[in-house]
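Accompanying notes for the structure given below.
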Amino acid sequence: MTTTSQHTAARWTNWGRCASAEPADVVRPRSTAEVAEVVRSAAARGQRVKAVGAAHSFTSIAATDGVMLRMDRIAGIQRVDRGTGHVTVGAGMRLRDLNRALDQIGLALPNMGDVDPQTVSGATSTGTHGTGARLTGIAGAIAGLEIVTGDGTVLTVSPDDHELFGAARVGLGALGIITSLTFACVPSFLLRAREEPMRLPDVVAGLDALVEDNDHFEFYWFPHTDRALVKRNNRVPEGTERQPLSKARFLIDDEVLSNGLFEVVNRIGTHQPRWIPRLNALSGRALGAREYTDRAPAVFISPRRVRFREMEYAVPRAALPAVLSEIDRWVNRSGETVSFPIEVRFAAPDDIWLSTGYERANAYVAVHQYHQMDYRRYFEGVEAIFGEHEGRPHWGKLHTLEPDTLRARYPRFDDFRSVRDRLDPQRTFATAHLAGVLG
Ligand SMILES: Cc1cc2nc3c(=O)[nH]c(=O)nc-3n(C[C@H](O)[C@H](O)[C@H](O)COP(=O)(O)OP(=O)(O)OC[C@H]3O[C@@H](n4cnc5c(N)ncnc54)[C@H](O)[C@@H]3O)c2cc1C
C-alpha cells in the first residue's frame, strides 16, 4: 500500500445510528492512482474494499469489515467547462462544498435533496433526489465519471457507453470506487419559496395542478391528523431581488420549531406515545405560512438536528392517493403512534438502471421515526403498502427487500448484475449488505 495514504482504523457508525462496522483498515487516498493501488493490493490479499461517503445512508450499504476508503482528500472542483456547464469534481466532495463553489462561478446543480452534508459520490450512488416533476434525481445530472474497477483498472465512463453509463451512475458502491464525477450544471438561480399549511384532502384533490404548476412541490403530512405543510418552490426571472428569511424567522421556524421544539415533542412522545396525535395537531398548526426568495441551495436545504430513521419508497404518481389513504388506515388500525410528518416528493423519469426513477414518473413517500423509538412495526406496515403499489425502495434508506422482489421492481436489475460480474468478478467491493440486495 502507498505511503502517502493515511491509515486510521476506527469503528464506523452512520448518521442514523442504525448501522456500524469495524473496518480492518481505513485509508484516505489522495489520487486515482492511489485508489487503484489500494484496490489492487487488497484484491491480491483477498481483502474487500469499500468507499464511504458521509455515512448518511440509513442502511448498512456503506459498512465494511475490509478496507474502508475515505475519499475526503479527493474532493474539490477539478475542471470547469464554461461552454457546456460541465463541472468535474473529486468523488469525496460534499454537496454543501460543491454548492458553495458552484455559486461562486455562477453555476448550480439543477436540483437538490433537503440536506447537503453528503458526498457527491455517496449521494448519487444511492439515487438521492429532491422534488420536482420535471427534474430527475441528482444522478440524472451526471455527464461522466471515473471509476476504479475490481482489478484496479481506471475507467472513464461517458454517456456514449450506454451499458456502463446506465449502470454506474447509481451503482450502490458495487461496481468500483468512483474517483470523480462530472455534473451538467445550470446557471445559478433563485427560488421563490411559498410554504403554508393545508388540509390533506385539499392537497390530494389538487395534486396534479400542485405538482405540474410548480418547479419543486412537496408536502409534509402529519399522521393522526388531516394537516399538511405544503412547500412550493419556483424559479424566478433573472434580476429578481433576493428576499431571504430574516434571521429571527429562520431561527424560530427552522431551529426552534422544526428542530429544538420538535426534539422535545419527540422526547415527550417517546415516554407518552398516546400524546403524539395531539402533539402532531399542534405541530401542524405551529408552522405558519411564509414566503421568501433566496439562492436555490438555501431554499432546498433545511437543518436536520433531530436524529431519526427513515424508509422511503418511490411509487407511480397515480398511486399516491391510494398509498396515503392506506397508510392513514394502517396507522389508525394498528394503534401505532407516529410523531414525524410523512414527506411526499415528486421526480421525473430517468434512464439510470437502478434509479427509483427508471422510466417512471414517481411520487416519493418517506416515513421517519425518532431514533429512540422502535421503527420496525411502523416501517413494516408501511412497506407492505408500498409493495402493493410497485414501490421501489431508496437504496440509502431502510427496507427489507431481497433480490427476487427487487428484480421485479427494477427492470434492469439483472443487466446491472451482469455489469457487476464484468467490473468486479472477484467481488472486491462486496459487503454483507450488497449480498442481501444483489445476491
Ligand atoms: C438527514 C438526512 C437527510 C437526507 N435527505 C435526503 C433527501 O432529501 N433525498 C434523498 O434522496 N436522500 C436523502 N438522504 C439519504 C442520503 O442522501 C443517501 O443515503 C446518500 O447515499 C448519503 O450519501 P453519503 O455521502 O453519506 O454516502 P454513504 O451513506 O456514506 O454511502 C452510500 C453508498 O455510496 C457508496 N459510495 C460512497 N462513495 C463512493 C465512491 N467514491 N465510489 C463508489 N461508491 C461510493 C458507498 O459505498 C455506499 O454504498 C438523507 C439522509 C439523511 C441522514
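Residue numbering restarts at 1 in every chain; chains get A, B, ... in the order shown in the C-alpha cells, and ligands count up from 1 in that same order.
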
Contacts of A:Gln372 within 10 Å, only C-alpha atoms, excl. fewer than 6 positions in-chain, as an MDAnalysis selection string: chainID A and resid 266:267 270 307:309

Hey, can you spit out that residue selection with N, CA, C and O atoms as a compact mmCIF listing (two decimals), in the first residue's frame?
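The file below, out-v7.txt, is the result:
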```txt
# COMPACT_ATOMS: atom_id res chain seq x y z
N ASN A 266 -40.61 14.95 20.44
CA ASN A 266 -40.27 13.53 20.26
C ASN A 266 -39.87 12.87 21.57
O ASN A 266 -40.20 11.71 21.81
N ARG A 267 -39.18 13.60 22.43
CA ARG A 267 -38.81 13.01 23.73
C ARG A 267 -40.06 12.75 24.56
O ARG A 267 -40.19 11.72 25.20
N THR A 270 -41.83 9.78 23.14
CA THR A 270 -41.18 8.50 23.43
C THR A 270 -41.72 7.92 24.74
O THR A 270 -41.93 6.71 24.86
N ARG A 307 -32.44 13.49 15.39
CA ARG A 307 -31.96 12.25 14.73
C ARG A 307 -33.12 11.28 14.53
O ARG A 307 -33.98 11.13 15.40
N PHE A 308 -33.15 10.64 13.37
CA PHE A 308 -34.28 9.75 13.05
C PHE A 308 -33.81 8.60 12.18
O PHE A 308 -32.66 8.56 11.74
N ARG A 309 -34.71 7.65 11.96
CA ARG A 309 -34.51 6.57 10.98
C ARG A 309 -35.57 6.75 9.90
O ARG A 309 -36.67 7.20 10.18
```

Leaving out A:Leu229 and any residue of its chain fewer than 2 positions from it, which residues lie within 12 Å of it when counting only C-alpha atoms, given as a JSON list (two decimals) with N, CA, C and O atoms, in the first residue's frame?
```
[["chain", "number", "residue", "atom", "x", "y", "z"],
["A", 194, "ARG", "N", -42.77, 29.33, -1.16],
["A", 194, "ARG", "CA", -44.07, 29.63, -0.54],
["A", 194, "ARG", "C", -44.47, 28.41, 0.27],
["A", 194, "ARG", "O", -44.63, 27.32, -0.29],
["A", 195, "GLU", "N", -44.58, 28.58, 1.56],
["A", 195, "GLU", "CA", -44.90, 27.46, 2.45],
["A", 195, "GLU", "C", -46.16, 27.78, 3.22],
["A", 195, "GLU", "O", -46.30, 28.90, 3.71],
["A", 196, "GLU", "N", -47.08, 26.83, 3.28],
["A", 196, "GLU", "CA", -48.32, 27.11, 4.03],
["A", 196, "GLU", "C", -48.99, 25.81, 4.47],
["A", 196, "GLU", "O", -48.84, 24.78, 3.81],
["A", 197, "PRO", "N", -49.72, 25.88, 5.56],
["A", 197, "PRO", "CA", -50.47, 24.69, 5.97],
["A", 197, "PRO", "C", -51.69, 24.50, 5.07],
["A", 197, "PRO", "O", -52.28, 25.49, 4.61],
["A", 198, "MET", "N", -52.06, 23.27, 4.78],
["A", 198, "MET", "CA", -53.27, 22.95, 4.01],
["A", 198, "MET", "C", -53.88, 21.70, 4.60],
["A", 198, "MET", "O", -53.18, 20.93, 5.27],
["A", 199, "ARG", "N", -55.14, 21.45, 4.30],
["A", 199, "ARG", "CA", -55.73, 20.17, 4.71],
["A", 199, "ARG", "C", -55.32, 19.10, 3.71],
["A", 199, "ARG", "O", -55.31, 19.35, 2.49],
["A", 200, "LEU", "N", -55.00, 17.91, 4.21],
["A", 200, "LEU", "CA", -54.53, 16.85, 3.30],
["A", 200, "LEU", "C", -55.53, 16.55, 2.17],
["A", 200, "LEU", "O", -55.13, 16.43, 1.02],
["A", 202, "ASP", "N", -57.46, 18.49, 0.64],
["A", 202, "ASP", "CA", -57.36, 19.54, -0.39],
["A", 202, "ASP", "C", -56.08, 19.36, -1.21],
["A", 202, "ASP", "O", -56.07, 19.60, -2.42],
["A", 203, "VAL", "N", -55.01, 18.94, -0.54],
["A", 203, "VAL", "CA", -53.75, 18.70, -1.27],
["A", 203, "VAL", "C", -53.98, 17.58, -2.28],
["A", 203, "VAL", "O", -53.63, 17.70, -3.46],
["A", 217, "PHE", "N", -42.40, 20.93, -5.92],
["A", 217, "PHE", "CA", -43.53, 20.86, -4.99],
["A", 217, "PHE", "C", -43.34, 19.69, -4.04],
["A", 217, "PHE", "O", -42.96, 18.59, -4.46],
["A", 218, "GLU", "N", -43.61, 19.90, -2.77],
["A", 218, "GLU", "CA", -43.58, 18.79, -1.81],
["A", 218, "GLU", "C", -44.52, 19.11, -0.66],
["A", 218, "GLU", "O", -44.92, 20.26, -0.47],
["A", 219, "PHE", "N", -44.89, 18.08, 0.09],
["A", 219, "PHE", "CA", -45.66, 18.36, 1.31],
["A", 219, "PHE", "C", -45.33, 17.36, 2.41],
["A", 219, "PHE", "O", -44.82, 16.27, 2.15],
["A", 220, "TYR", "N", -45.59, 17.83, 3.63],
["A", 220, "TYR", "CA", -45.39, 17.01, 4.83],
["A", 220, "TYR", "C", -46.76, 16.81, 5.46],
["A", 220, "TYR", "O", -47.42, 17.78, 5.81],
["A", 221, "TRP", "N", -47.16, 15.56, 5.59],
["A", 221, "TRP", "CA", -48.46, 15.26, 6.21],
["A", 221, "TRP", "C", -48.20, 14.77, 7.64],
["A", 221, "TRP", "O", -47.37, 13.89, 7.87],
["A", 222, "PHE", "N", -48.95, 15.37, 8.59],
["A", 222, "PHE", "CA", -48.81, 14.97, 10.00],
["A", 222, "PHE", "C", -49.77, 13.82, 10.28],
["A", 222, "PHE", "O", -50.99, 14.04, 10.34],
["A", 223, "PRO", "N", -49.25, 12.59, 10.45],
["A", 223, "PRO", "CA", -50.13, 11.44, 10.71],
["A", 223, "PRO", "C", -51.00, 11.68, 11.95],
["A", 223, "PRO", "O", -50.62, 12.46, 12.82],
["A", 225, "THR", "N", -53.61, 13.24, 11.81],
["A", 225, "THR", "CA", -54.36, 14.48, 11.56],
["A", 225, "THR", "C", -54.61, 14.58, 10.06],
["A", 225, "THR", "O", -54.09, 13.79, 9.28],
["A", 226, "ASP", "N", -55.42, 15.59, 9.66],
["A", 226, "ASP", "CA", -55.57, 15.82, 8.22],
["A", 226, "ASP", "C", -54.80, 17.07, 7.82],
["A", 226, "ASP", "O", -55.12, 17.74, 6.86],
["A", 227, "ARG", "N", -53.75, 17.37, 8.58],
["A", 227, "ARG", "CA", -52.98, 18.59, 8.31],
["A", 227, "ARG", "C", -51.71, 18.29, 7.53],
["A", 227, "ARG", "O", -51.07, 17.27, 7.75],
["A", 231, "LYS", "N", -45.08, 22.92, 0.44],
["A", 231, "LYS", "CA", -43.97, 23.79, 0.01],
["A", 231, "LYS", "C", -43.95, 23.88, -1.50],
["A", 231, "LYS", "O", -43.86, 22.86, -2.18],
["A", 232, "ARG", "N", -44.04, 25.10, -2.02],
["A", 232, "ARG", "CA", -43.92, 25.32, -3.46],
["A", 232, "ARG", "C", -42.68, 26.19, -3.67],
["A", 232, "ARG", "O", -42.64, 27.32, -3.16],
["A", 258, "SER", "N", -38.80, 23.52, 14.10],
["A", 258, "SER", "CA", -38.53, 22.30, 13.34],
["A", 258, "SER", "C", -37.46, 21.43, 13.98],
["A", 258, "SER", "O", -37.33, 20.27, 13.65],
["A", 280, "ASN", "N", -48.98, 16.19, 17.28],
["A", 280, "ASN", "CA", -48.91, 16.37, 15.82],
["A", 280, "ASN", "C", -49.86, 17.47, 15.35],
["A", 280, "ASN", "O", -49.51, 18.27, 14.47],
["A", 281, "ALA", "N", -51.05, 17.50, 15.96],
["A", 281, "ALA", "CA", -52.02, 18.53, 15.56],
["A", 281, "ALA", "C", -51.44, 19.91, 15.90],
["A", 281, "ALA", "O", -51.55, 20.85, 15.11],
["A", 283, "SER", "N", -48.16, 20.61, 16.16],
["A", 283, "SER", "CA", -47.04, 20.87, 15.23],
["A", 283, "SER", "C", -47.57, 21.33, 13.89],
["A", 283, "SER", "O", -47.02, 22.23, 13.27],
["A", 284, "GLY", "N", -48.66, 20.68, 13.42],
["A", 284, "GLY", "CA", -49.23, 21.03, 12.12],
["A", 284, "GLY", "C", -49.71, 22.47, 12.08],
["A", 284, "GLY", "O", -49.77, 23.08, 11.03],
["A", 285, "ARG", "N", -50.06, 23.00, 13.26],
["A", 285, "ARG", "CA", -50.55, 24.39, 13.31],
["A", 285, "ARG", "C", -49.41, 25.37, 13.56],
["A", 285, "ARG", "O", -49.48, 26.52, 13.15],
["A", 286, "ALA", "N", -48.35, 24.88, 14.24],
["A", 286, "ALA", "CA", -47.30, 25.81, 14.70],
["A", 286, "ALA", "C", -46.56, 26.44, 13.52],
["A", 286, "ALA", "O", -46.19, 27.61, 13.56],
["A", 287, "LEU", "N", -46.33, 25.65, 12.46],
["A", 287, "LEU", "CA", -45.57, 26.19, 11.33],
["A", 287, "LEU", "C", -46.54, 26.94, 10.42],
["A", 287, "LEU", "O", -47.37, 26.34, 9.75],
["A", 288, "GLY", "N", -46.43, 28.26, 10.42],
["A", 288, "GLY", "CA", -47.37, 29.07, 9.67],
["A", 288, "GLY", "C", -46.92, 29.30, 8.24],
["A", 288, "GLY", "O", -45.91, 28.75, 7.79],
["A", 289, "ALA", "N", -47.68, 30.12, 7.52],
["A", 289, "ALA", "CA", -47.33, 30.43, 6.13],
["A", 289, "ALA", "C", -46.13, 31.38, 6.08],
["A", 289, "ALA", "O", -45.95, 32.20, 6.99],
["A", 290, "ARG", "N", -45.30, 31.22, 5.07],
["A", 290, "ARG", "CA", -44.20, 32.18, 4.89],
["A", 290, "ARG", "C", -43.77, 32.17, 3.42],
["A", 290, "ARG", "O", -43.93, 31.16, 2.73],
["A", 341, "PRO", "N", -43.72, 13.92, 10.61],
["A", 341, "PRO", "CA", -44.55, 14.08, 9.41],
["A", 341, "PRO", "C", -44.06, 13.17, 8.29],
["A", 341, "PRO", "O", -42.87, 12.85, 8.22],
["A", 342, "ILE", "N", -44.98, 12.76, 7.42],
["A", 342, "ILE", "CA", -44.63, 11.93, 6.26],
["A", 342, "ILE", "C", -44.34, 12.88, 5.10],
["A", 342, "ILE", "O", -45.14, 13.77, 4.80],
["A", 343, "GLU", "N", -43.18, 12.67, 4.48],
["A", 343, "GLU", "CA", -42.71, 13.61, 3.45],
["A", 343, "GLU", "C", -43.06, 13.05, 2.07],
["A", 343, "GLU", "O", -42.78, 11.89, 1.78],
["A", 344, "VAL", "N", -43.66, 13.88, 1.22],
["A", 344, "VAL", "CA", -44.05, 13.42, -0.12],
["A", 344, "VAL", "C", -43.42, 14.33, -1.18],
["A", 344, "VAL", "O", -43.56, 15.56, -1.13]]
```

With only C-alpha atoms and all ligand atoms as the basis for distance, which of A:Ala209, A:Ala366, A:Val27, A:Val236 is at the shortest distance from ligand 1? A:Ala366

Pick from A:Ser41, A:Thr124, A:Thr119, A:Ser57, whichever lies nearest to A:Ala167 using only C-alpha atoms: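 Of the candidates, the smallest distance to A:Ala167 is held by A:Thr124.
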
Surroundings of ligand 1 up to 6 Å, based on only C-alpha atoms and all ligand atoms, as a ChimeraX atom specification: /A:15,50-57,61-62,91,113-115,118-119,121-123,125-126,128-130,172-173,176-179,304,396

Please indicate the distance in Å from atom CA of A:Val186 to atom CA of A:Ile301, rounded to one decimal place. 18.0 Å
